[in-house]
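J.: Data: model.cif, mmCIF, C-alpha atoms.
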data_run
#
loop_
_atom_site.group_PDB
_atom_site.id
_atom_site.type_symbol
_atom_site.label_atom_id
_atom_site.label_comp_id
_atom_site.auth_asym_id
_atom_site.auth_seq_id
_atom_site.Cartn_x
_atom_site.Cartn_y
_atom_site.Cartn_z
ATOM 1 C CA MET A 2 -13.734 56.882 39.416
ATOM 2 C CA ARG A 3 -17.152 56.092 40.927
ATOM 3 C CA ASN A 4 -19.703 58.924 40.952
ATOM 4 C CA GLU A 5 -17.274 61.225 39.175
ATOM 5 C CA ARG A 6 -18.643 64.193 37.303
ATOM 6 C CA LEU A 7 -17.082 67.053 35.379
ATOM 7 C CA ILE A 8 -17.468 70.741 36.178
ATOM 8 C CA PRO A 9 -16.737 72.206 32.738
ATOM 9 C CA ARG A 10 -14.586 75.318 32.358
ATOM 10 C CA ARG A 11 -16.148 78.696 31.634
ATOM 11 C CA THR A 12 -19.600 77.773 32.940
ATOM 12 C CA PRO A 13 -21.679 79.436 35.673
ATOM 13 C CA GLU A 14 -20.931 76.476 37.966
ATOM 14 C CA SER A 15 -17.172 76.716 37.475
ATOM 15 C CA ARG A 16 -17.214 80.481 37.998
ATOM 16 C CA ALA A 17 -19.280 80.114 41.186
ATOM 17 C CA ALA A 18 -16.868 77.440 42.463
ATOM 18 C CA ALA A 19 -13.846 79.648 41.763
ATOM 19 C CA GLU A 20 -15.459 82.607 43.532
ATOM 20 C CA ARG A 21 -16.401 80.481 46.538
ATOM 21 C CA THR A 22 -12.853 79.127 46.747
ATOM 22 C CA GLN A 23 -11.474 82.656 47.035
ATOM 23 C CA VAL A 24 -13.920 83.435 49.850
ATOM 24 C CA VAL A 25 -13.045 80.266 51.765
ATOM 25 C CA MET A 26 -9.293 80.756 51.359
ATOM 26 C CA ASP A 27 -9.700 84.169 52.963
ATOM 27 C CA LEU A 28 -11.793 82.694 55.787
ATOM 28 C CA THR A 29 -9.333 79.892 56.529
ATOM 29 C CA SER A 30 -6.430 82.353 56.551
ATOM 30 C CA ARG A 31 -8.290 84.301 59.249
ATOM 31 C CA LEU A 32 -9.164 81.126 61.144
ATOM 32 C CA ASN A 33 -5.584 79.923 61.243
ATOM 33 C CA VAL A 34 -4.133 83.008 62.943
ATOM 34 C CA LEU A 35 -6.549 82.999 65.883
ATOM 35 C CA ARG A 36 -5.302 82.167 69.342
ATOM 36 C CA HIS A 37 -6.131 78.561 70.180
ATOM 37 C CA SER A 38 -8.087 79.762 73.202
ATOM 38 C CA ASP A 39 -10.390 81.927 71.038
ATOM 39 C CA VAL A 40 -13.097 79.284 70.726
ATOM 40 C CA ASP A 41 -15.870 81.811 70.023
ATOM 41 C CA GLY A 42 -13.878 83.382 67.167
ATOM 42 C CA ARG A 43 -13.109 79.939 65.730
ATOM 43 C CA THR A 44 -16.760 78.923 65.857
ATOM 44 C CA ALA A 45 -17.867 82.149 64.142
ATOM 45 C CA ILE A 46 -15.456 81.695 61.236
ATOM 46 C CA LEU A 47 -16.252 77.993 60.866
ATOM 47 C CA ARG A 48 -19.905 78.935 60.633
ATOM 48 C CA GLU A 49 -19.058 81.188 57.673
ATOM 49 C CA ILE A 50 -16.989 78.428 56.068
ATOM 50 C CA PHE A 51 -19.688 75.767 56.503
ATOM 51 C CA GLY A 52 -22.547 78.127 55.661
ATOM 52 C CA ARG A 53 -24.519 76.879 58.669
ATOM 53 C CA PRO A 54 -24.128 76.446 62.442
ATOM 54 C CA VAL A 55 -21.156 74.389 63.601
ATOM 55 C CA PRO A 56 -22.240 71.040 65.122
ATOM 56 C CA GLU A 57 -22.035 71.393 68.898
ATOM 57 C CA THR A 58 -20.174 68.101 69.323
ATOM 58 C CA LEU A 59 -17.585 68.777 66.593
ATOM 59 C CA THR A 60 -13.991 69.245 67.755
ATOM 60 C CA LEU A 61 -11.770 70.807 65.078
ATOM 61 C CA PHE A 62 -8.287 72.141 65.790
ATOM 62 C CA PRO A 63 -6.704 74.708 63.433
ATOM 63 C CA PRO A 64 -4.817 75.108 61.276
ATOM 64 C CA PHE A 65 -7.541 73.827 58.951
ATOM 65 C CA TYR A 66 -7.860 74.173 55.190
ATOM 66 C CA CYS A 67 -10.678 73.625 52.721
ATOM 67 C CA ASP A 68 -11.657 74.953 49.301
ATOM 68 C CA PHE A 69 -15.459 75.152 49.375
ATOM 69 C CA GLY A 70 -16.856 74.539 52.856
ATOM 70 C CA LEU A 71 -20.512 74.229 51.908
ATOM 71 C CA ASN A 72 -20.216 70.526 51.042
ATOM 72 C CA LEU A 73 -18.874 69.347 54.409
ATOM 73 C CA ASP A 74 -21.239 67.227 56.513
ATOM 74 C CA PHE A 75 -20.240 66.160 60.030
ATOM 75 C CA GLY A 76 -21.896 63.590 62.261
ATOM 76 C CA GLU A 77 -21.933 63.688 66.051
ATOM 77 C CA GLN A 78 -18.753 63.720 68.160
ATOM 78 C CA VAL A 79 -16.346 64.003 65.232
ATOM 79 C CA PHE A 80 -12.743 64.904 66.068
ATOM 80 C CA VAL A 81 -10.475 66.643 63.531
ATOM 81 C CA ASN A 82 -6.865 67.227 64.571
ATOM 82 C CA GLN A 83 -4.516 69.992 63.398
ATOM 83 C CA ASN A 84 -3.355 70.752 59.861
ATOM 84 C CA CYS A 85 -6.064 68.839 57.993
ATOM 85 C CA SER A 86 -7.113 69.728 54.441
ATOM 86 C CA PHE A 87 -10.674 68.924 53.363
ATOM 87 C CA PHE A 88 -11.136 69.773 49.676
ATOM 88 C CA ASP A 89 -14.888 69.333 49.630
ATOM 89 C CA MET A 90 -16.051 70.572 46.232
ATOM 90 C CA GLY A 91 -17.296 67.056 45.458
ATOM 91 C CA GLY A 92 -18.821 66.544 48.905
ATOM 92 C CA ILE A 93 -17.415 65.061 52.128
ATOM 93 C CA SER A 94 -19.558 63.202 54.652
ATOM 94 C CA ILE A 95 -18.004 62.238 58.007
ATOM 95 C CA GLY A 96 -19.953 59.885 60.255
ATOM 96 C CA ASP A 97 -20.503 59.845 63.998
ATOM 97 C CA ARG A 98 -17.465 59.483 66.264
ATOM 98 C CA ALA A 99 -14.965 59.544 63.405
ATOM 99 C CA LEU A 100 -11.407 60.420 64.421
ATOM 100 C CA ILE A 101 -9.266 62.314 61.906
ATOM 101 C CA GLY A 102 -5.552 62.521 62.697
ATOM 102 C CA PRO A 103 -3.238 65.486 62.051
ATOM 103 C CA GLY A 104 -2.279 66.325 58.493
ATOM 104 C CA VAL A 105 -5.002 64.232 56.844
ATOM 105 C CA THR A 106 -6.046 65.224 53.309
ATOM 106 C CA LEU A 107 -9.512 64.455 51.956
ATOM 107 C CA ALA A 108 -9.478 65.367 48.254
ATOM 108 C CA THR A 109 -12.686 65.231 46.214
ATOM 109 C CA ALA A 110 -11.499 67.133 43.132
ATOM 110 C CA GLY A 111 -9.015 66.587 40.331
ATOM 111 C CA TRP A 112 -8.667 66.796 36.560
ATOM 112 C CA PRO A 113 -9.575 64.370 33.768
ATOM 113 C CA ALA A 114 -6.990 61.591 33.451
ATOM 114 C CA ASP A 115 -7.016 61.717 29.653
ATOM 115 C CA PRO A 116 -4.403 64.322 28.596
ATOM 116 C CA ALA A 117 -6.593 65.384 25.681
ATOM 117 C CA LYS A 118 -9.410 66.288 28.097
ATOM 118 C CA ARG A 119 -7.372 67.453 31.067
ATOM 119 C CA PHE A 120 -8.168 71.144 30.608
ATOM 120 C CA ASP A 121 -11.883 70.622 29.983
ATOM 121 C CA GLY A 122 -12.679 71.315 33.624
ATOM 122 C CA ILE A 123 -12.488 69.859 37.124
ATOM 123 C CA THR A 124 -13.610 66.357 38.054
ATOM 124 C CA VAL A 125 -15.292 65.830 41.428
ATOM 125 C CA ALA A 126 -16.460 62.745 43.329
ATOM 126 C CA PRO A 127 -17.690 62.491 46.933
ATOM 127 C CA ILE A 128 -15.849 60.987 49.885
ATOM 128 C CA VAL A 129 -17.870 59.120 52.526
ATOM 129 C CA ILE A 130 -16.360 58.325 55.920
ATOM 130 C CA GLU A 131 -18.743 56.203 57.926
ATOM 131 C CA ALA A 132 -19.163 56.014 61.719
ATOM 132 C CA ASN A 133 -16.341 55.095 64.113
ATOM 133 C CA VAL A 134 -13.593 55.409 61.484
ATOM 134 C CA TRP A 135 -10.061 56.325 62.569
ATOM 135 C CA ILE A 136 -7.794 57.922 59.965
ATOM 136 C CA GLY A 137 -4.153 58.200 61.038
ATOM 137 C CA ALA A 138 -1.804 61.135 60.611
ATOM 138 C CA ASN A 139 -0.922 62.357 57.109
ATOM 139 C CA ALA A 140 -3.163 59.868 55.305
ATOM 140 C CA THR A 141 -4.674 60.902 51.962
ATOM 141 C CA VAL A 142 -8.143 59.854 50.821
ATOM 142 C CA CYS A 143 -8.794 60.208 47.087
ATOM 143 C CA PRO A 144 -11.997 61.231 45.276
ATOM 144 C CA GLY A 145 -14.908 58.790 45.227
ATOM 145 C CA VAL A 146 -13.722 56.674 48.181
ATOM 146 C CA THR A 147 -15.984 55.276 50.903
ATOM 147 C CA ILE A 148 -14.411 54.159 54.188
ATOM 148 C CA GLY A 149 -16.655 51.660 55.956
ATOM 149 C CA THR A 150 -17.861 51.713 59.543
ATOM 150 C CA GLY A 151 -15.188 51.040 62.138
ATOM 151 C CA ALA A 152 -12.304 50.901 59.661
ATOM 152 C CA VAL A 153 -8.797 52.147 60.428
ATOM 153 C CA VAL A 154 -6.549 53.903 57.908
ATOM 154 C CA ALA A 155 -2.919 53.807 59.023
ATOM 155 C CA ALA A 156 -0.741 56.897 59.146
ATOM 156 C CA GLY A 157 0.629 57.950 55.776
ATOM 157 C CA ALA A 158 -1.645 55.674 53.746
ATOM 158 C CA VAL A 159 -2.963 56.706 50.340
ATOM 159 C CA VAL A 160 -6.519 55.410 49.952
ATOM 160 C CA ALA A 161 -7.623 55.237 46.317
ATOM 161 C CA LYS A 162 -10.362 52.613 46.602
ATOM 162 C CA ASP A 163 -13.105 51.747 49.066
ATOM 163 C CA VAL A 164 -12.203 50.380 52.500
ATOM 164 C CA PRO A 165 -14.532 47.659 53.836
ATOM 165 C CA ALA A 166 -16.169 48.072 57.234
ATOM 166 C CA GLY A 167 -13.902 46.947 60.054
ATOM 167 C CA ALA A 168 -10.772 46.728 57.882
ATOM 168 C CA VAL A 169 -7.318 48.061 58.724
ATOM 169 C CA VAL A 170 -5.417 49.408 55.704
ATOM 170 C CA SER A 171 -1.914 50.819 55.305
ATOM 171 C CA GLY A 172 0.685 51.743 52.705
ATOM 172 C CA HIS A 173 0.281 52.899 49.130
ATOM 173 C CA ASP A 174 -2.054 51.194 46.701
ATOM 174 C CA TYR A 175 -0.213 51.521 43.377
ATOM 175 C CA VAL A 176 -2.104 50.077 40.437
ATOM 176 C CA VAL A 177 -1.271 50.804 36.782
ATOM 177 C CA ARG A 178 -4.699 51.302 35.201
ATOM 178 C CA ARG A 179 -3.550 52.911 31.985
ATOM 179 C CA ASP A 180 -0.248 53.847 30.413
ATOM 180 C CA PHE A 181 -0.578 56.939 28.248
ATOM 181 C CA ASN A 182 2.986 56.492 26.997
ATOM 182 C CA ALA A 183 2.126 52.990 25.808
ATOM 183 C CA VAL A 184 -0.937 54.318 23.989
ATOM 184 C CA SER A 185 1.189 56.951 22.220
ATOM 185 C CA LYS A 186 3.844 54.357 21.337
ATOM 186 C CA ALA A 187 1.205 51.976 19.966
ATOM 187 C CA ALA A 188 -0.198 54.741 17.777
ATOM 188 C CA GLY A 189 3.301 55.522 16.495
ATOM 189 C CA ASP A 190 3.999 51.846 15.758
ATOM 190 C CA LEU A 191 0.712 51.549 13.860
ATOM 191 C CA ALA A 192 1.541 54.643 11.798
ATOM 192 C CA ALA A 193 4.931 53.147 10.962
ATOM 193 C CA GLN A 194 3.304 49.897 9.860
ATOM 194 C CA LEU A 195 0.871 51.722 7.576
ATOM 195 C CA ALA A 196 3.525 53.948 5.998
ATOM 196 C CA PRO A 197 4.275 53.115 2.353
ATOM 197 C CA MET A 198 7.372 51.003 1.806
ATOM 198 C CA PRO A 199 10.246 52.767 -0.013
ATOM 199 C CA ARG A 200 10.723 51.701 -3.626
ATOM 200 C CA THR A 201 13.836 49.691 -4.360
ATOM 201 C CA ASP A 202 13.551 49.474 -8.166
ATOM 202 C CA SER A 203 15.549 51.859 -10.297
ATOM 203 C CA VAL A 204 13.957 54.331 -12.698
#
Now, as a test, write the supplied structure out as structure tokens.

T.:
Amino acid sequence: MRNERLIPRRTPESRAAAERTQVVMDLTSRLNVLRHSDVDGRTAILREIFGRPVPETLTLFPPFYCDFGLNLDFGEQVFVNQNCSFFDMGGISIGDRALIGPGVTLATAGWPADPAKRFDGITVAPIVIEANVWIGANATVCPGVTIGTGAVVAAGAVVAKDVPAGAVVSGHDYVVRRDFNAVSKAAGDLAAQLAPMPRTDSV
């Protein structure tokens, strides 16, 4: 994954991230029970989530979920529809006039793919959404992805690699990059080949 880095377990950074996540989960739970007409209350809580003033031209409709808040960067005239989840520990940048449909997930965090290293910590990689992008309902954007200017991501798509500027993408991009079962089987076959042959002569 491009620009991926590890936040190791049991470090000051991982502890700070865990503490911040608890704070933001409390803030989003408060945000999501406000009356829709309570714009001032929504703005006040979003300011706490973002850690800075809410952009005046941002339109964001709750319910809204995120896990860090401080690593969200919005351009001008961005629209975010209901029920979106922005997991921004790795950083999310959304360009001017981007349109984000309902139920969209932007996920910048995960775990190491190697089973032997999976509990070493959390992996993070930034998501960049450039200007004039439209992401349809219930799409998922994976860590490290950049979506180019003017691109369209169709509803329900899973985006695991970069989208060129002006492109329209849809569906699920399923690519087998590694097969851990095959690796384990290969190791077992090698061990069998190296095992000593049983003796057939009599004593």

J.: Taking into account only C-alpha atoms, which residue in the set A:Leu35, A:Val142, A:Ala110, A:Ala155 is nearest to A:Gly122?

T.: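 Closest to A:Gly122 of all the choices is A:Ala110.
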
J.: Could you list, as a list in words, every residue matched by the PyMOL selection byres ((chain A and resi 19-26) around 10) in this structure?

T.: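 Output of the PyMOL selection byres ((chain A and resi 19-26) around 10): Pro13, Glu14, Ser15, Arg16, Ala17, Ala18, Asp27, Leu28, Thr29, Ser30, Arg31, Leu32, Ile46, Leu47, Glu49, Ile50, Phe51, Tyr66, Cys67, Asp68, Phe69, Gly70, Leu71, Phe88 and Met90 of chain A.
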
J.: Atom CA of A:Gly91 to atom CA of A:Asn72: how many Å, to one decimal?

T.: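 Rounded to one decimal, the two atoms are 7.2 Å apart.
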
J.: Using only C-alpha atoms, pick whichever of A:Val81, A:Ala138, A:Ala161, A:Val40 has the shortest atom-to-atom distance to A:Gly104.

T.: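 Of all the options, A:Ala138 lies closest to A:Gly104.
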
J.: Between atom CA of A:Ile123 and atom CA of A:Pro9, what distance in Å does the model show, to one decimal?

T.: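 So the answer is 6.5 Å.
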
J.: Could I get stretch 90-126 of chain A rebuilt with N, CA and C atoms, written as a PDB file, keeping the file's coordinate frame?

T.:
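Saved result, rebuild_37.pdb, follows:
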ATOM      1  N   MET A  90     -15.218  70.159  47.347  1.00  0.00           N
ATOM      2  CA  MET A  90     -16.051  70.572  46.232  1.00  0.00           C
ATOM      3  C   MET A  90     -16.970  69.448  45.767  1.00  0.00           C
ATOM      4  N   GLY A  91     -16.497  68.204  45.860  1.00  0.00           N
ATOM      5  CA  GLY A  91     -17.296  67.056  45.458  1.00  0.00           C
ATOM      6  C   GLY A  91     -18.169  66.495  46.556  1.00  0.00           C
ATOM      7  N   GLY A  92     -18.017  67.004  47.783  1.00  0.00           N
ATOM      8  CA  GLY A  92     -18.821  66.544  48.905  1.00  0.00           C
ATOM      9  C   GLY A  92     -18.060  65.600  49.820  1.00  0.00           C
ATOM     10  N   ILE A  93     -18.048  65.919  51.114  1.00  0.00           N
ATOM     11  CA  ILE A  93     -17.415  65.061  52.128  1.00  0.00           C
ATOM     12  C   ILE A  93     -18.419  64.839  53.256  1.00  0.00           C
ATOM     13  N   SER A  94     -18.672  63.575  53.553  1.00  0.00           N
ATOM     14  CA  SER A  94     -19.558  63.202  54.652  1.00  0.00           C
ATOM     15  C   SER A  94     -18.749  62.412  55.670  1.00  0.00           C
ATOM     16  N   ILE A  95     -18.773  62.875  56.936  1.00  0.00           N
ATOM     17  CA  ILE A  95     -18.004  62.238  58.007  1.00  0.00           C
ATOM     18  C   ILE A  95     -18.973  61.781  59.083  1.00  0.00           C
ATOM     19  N   GLY A  96     -18.977  60.473  59.354  1.00  0.00           N
ATOM     20  CA  GLY A  96     -19.953  59.885  60.255  1.00  0.00           C
ATOM     21  C   GLY A  96     -19.659  60.105  61.726  1.00  0.00           C
ATOM     22  N   ASP A  97     -20.590  59.678  62.549  1.00  0.00           N
ATOM     23  CA  ASP A  97     -20.503  59.845  63.998  1.00  0.00           C
ATOM     24  C   ASP A  97     -19.221  59.225  64.559  1.00  0.00           C
ATOM     25  N   ARG A  98     -18.621  59.940  65.484  1.00  0.00           N
ATOM     26  CA  ARG A  98     -17.465  59.483  66.264  1.00  0.00           C
ATOM     27  C   ARG A  98     -16.252  59.151  65.406  1.00  0.00           C
ATOM     28  N   ALA A  99     -16.169  59.716  64.223  1.00  0.00           N
ATOM     29  CA  ALA A  99     -14.965  59.544  63.405  1.00  0.00           C
ATOM     30  C   ALA A  99     -13.815  60.341  64.007  1.00  0.00           C
ATOM     31  N   LEU A 100     -12.614  59.787  63.896  1.00  0.00           N
ATOM     32  CA  LEU A 100     -11.407  60.420  64.421  1.00  0.00           C
ATOM     33  C   LEU A 100     -10.460  60.672  63.252  1.00  0.00           C
ATOM     34  N   ILE A 101     -10.115  61.932  63.023  1.00  0.00           N
ATOM     35  CA  ILE A 101      -9.266  62.314  61.906  1.00  0.00           C
ATOM     36  C   ILE A 101      -7.953  62.844  62.458  1.00  0.00           C
ATOM     37  N   GLY A 102      -6.857  62.158  62.156  1.00  0.00           N
ATOM     38  CA  GLY A 102      -5.552  62.521  62.697  1.00  0.00           C
ATOM     39  C   GLY A 102      -4.965  63.759  62.048  1.00  0.00           C
ATOM     40  N   PRO A 103      -3.852  64.262  62.581  1.00  0.00           N
ATOM     41  CA  PRO A 103      -3.238  65.486  62.051  1.00  0.00           C
ATOM     42  C   PRO A 103      -2.715  65.292  60.633  1.00  0.00           C
ATOM     43  N   GLY A 104      -2.850  66.336  59.829  1.00  0.00           N
ATOM     44  CA  GLY A 104      -2.279  66.325  58.493  1.00  0.00           C
ATOM     45  C   GLY A 104      -3.026  65.480  57.474  1.00  0.00           C
ATOM     46  N   VAL A 105      -4.241  65.060  57.786  1.00  0.00           N
ATOM     47  CA  VAL A 105      -5.002  64.232  56.844  1.00  0.00           C
ATOM     48  C   VAL A 105      -5.545  65.097  55.702  1.00  0.00           C
ATOM     49  N   THR A 106      -5.490  64.555  54.484  1.00  0.00           N
ATOM     50  CA  THR A 106      -6.046  65.224  53.309  1.00  0.00           C
ATOM     51  C   THR A 106      -7.207  64.403  52.756  1.00  0.00           C
ATOM     52  N   LEU A 107      -8.355  65.046  52.622  1.00  0.00           N
ATOM     53  CA  LEU A 107      -9.512  64.455  51.956  1.00  0.00           C
ATOM     54  C   LEU A 107      -9.727  65.256  50.680  1.00  0.00           C
ATOM     55  N   ALA A 108      -9.463  64.641  49.526  1.00  0.00           N
ATOM     56  CA  ALA A 108      -9.478  65.367  48.254  1.00  0.00           C
ATOM     57  C   ALA A 108     -10.587  64.827  47.359  1.00  0.00           C
ATOM     58  N   THR A 109     -11.563  65.673  47.052  1.00  0.00           N
ATOM     59  CA  THR A 109     -12.686  65.231  46.214  1.00  0.00           C
ATOM     60  C   THR A 109     -12.601  65.750  44.786  1.00  0.00           C
ATOM     61  N   ALA A 110     -11.584  66.524  44.459  1.00  0.00           N
ATOM     62  CA  ALA A 110     -11.499  67.133  43.132  1.00  0.00           C
ATOM     63  C   ALA A 110     -10.190  66.769  42.447  1.00  0.00           C
ATOM     64  N   GLY A 111     -10.208  66.830  41.115  1.00  0.00           N
ATOM     65  CA  GLY A 111      -9.015  66.587  40.331  1.00  0.00           C
ATOM     66  C   GLY A 111      -9.245  67.065  38.911  1.00  0.00           C
ATOM     67  N   TRP A 112      -8.518  66.470  37.975  1.00  0.00           N
ATOM     68  CA  TRP A 112      -8.667  66.796  36.560  1.00  0.00           C
ATOM     69  C   TRP A 112      -8.859  65.503  35.781  1.00  0.00           C
ATOM     70  N   PRO A 113      -9.430  65.584  34.586  1.00  0.00           N
ATOM     71  CA  PRO A 113      -9.575  64.370  33.768  1.00  0.00           C
ATOM     72  C   PRO A 113      -8.227  63.680  33.549  1.00  0.00           C
ATOM     73  N   ALA A 114      -8.236  62.345  33.623  1.00  0.00           N
ATOM     74  CA  ALA A 114      -6.990  61.591  33.451  1.00  0.00           C
ATOM     75  C   ALA A 114      -6.489  61.625  32.015  1.00  0.00           C
ATOM     76  N   ASP A 115      -7.391  61.694  31.071  1.00  0.00           N
ATOM     77  CA  ASP A 115      -7.016  61.717  29.653  1.00  0.00           C
ATOM     78  C   ASP A 115      -6.351  63.052  29.338  1.00  0.00           C
ATOM     79  N   PRO A 116      -5.085  63.047  28.881  1.00  0.00           N
ATOM     80  CA  PRO A 116      -4.403  64.322  28.596  1.00  0.00           C
ATOM     81  C   PRO A 116      -5.161  65.207  27.619  1.00  0.00           C
ATOM     82  N   ALA A 117      -5.864  64.601  26.679  1.00  0.00           N
ATOM     83  CA  ALA A 117      -6.593  65.384  25.681  1.00  0.00           C
ATOM     84  C   ALA A 117      -7.773  66.131  26.284  1.00  0.00           C
ATOM     85  N   LYS A 118      -8.245  65.673  27.458  1.00  0.00           N
ATOM     86  CA  LYS A 118      -9.410  66.288  28.097  1.00  0.00           C
ATOM     87  C   LYS A 118      -9.063  66.989  29.407  1.00  0.00           C
ATOM     88  N   ARG A 119      -7.771  67.023  29.731  1.00  0.00           N
ATOM     89  CA  ARG A 119      -7.372  67.453  31.067  1.00  0.00           C
ATOM     90  C   ARG A 119      -7.738  68.895  31.386  1.00  0.00           C
ATOM     91  N   PHE A 120      -7.840  69.739  30.361  1.00  0.00           N
ATOM     92  CA  PHE A 120      -8.168  71.144  30.608  1.00  0.00           C
ATOM     93  C   PHE A 120      -9.618  71.456  30.290  1.00  0.00           C
ATOM     94  N   ASP A 121     -10.454  70.413  30.231  1.00  0.00           N
ATOM     95  CA  ASP A 121     -11.883  70.622  29.983  1.00  0.00           C
ATOM     96  C   ASP A 121     -12.615  71.121  31.217  1.00  0.00           C
ATOM     97  N   GLY A 122     -12.030  70.898  32.384  1.00  0.00           N
ATOM     98  CA  GLY A 122     -12.679  71.315  33.624  1.00  0.00           C
ATOM     99  C   GLY A 122     -12.126  70.546  34.798  1.00  0.00           C
ATOM    100  N   ILE A 123     -12.879  70.536  35.889  1.00  0.00           N
ATOM    101  CA  ILE A 123     -12.488  69.859  37.124  1.00  0.00           C
ATOM    102  C   ILE A 123     -13.402  68.657  37.330  1.00  0.00           C
ATOM    103  N   THR A 124     -12.809  67.522  37.700  1.00  0.00           N
ATOM    104  CA  THR A 124     -13.610  66.357  38.054  1.00  0.00           C
ATOM    105  C   THR A 124     -13.806  66.330  39.566  1.00  0.00           C
ATOM    106  N   VAL A 125     -15.004  65.932  40.000  1.00  0.00           N
ATOM    107  CA  VAL A 125     -15.292  65.830  41.428  1.00  0.00           C
ATOM    108  C   VAL A 125     -16.013  64.514  41.697  1.00  0.00           C
ATOM    109  N   ALA A 126     -15.776  63.957  42.876  1.00  0.00           N
ATOM    110  CA  ALA A 126     -16.460  62.745  43.329  1.00  0.00           C
ATOM    111  C   ALA A 126     -16.470  62.754  44.850  1.00  0.00           C
TER     112      ALA A 126
END
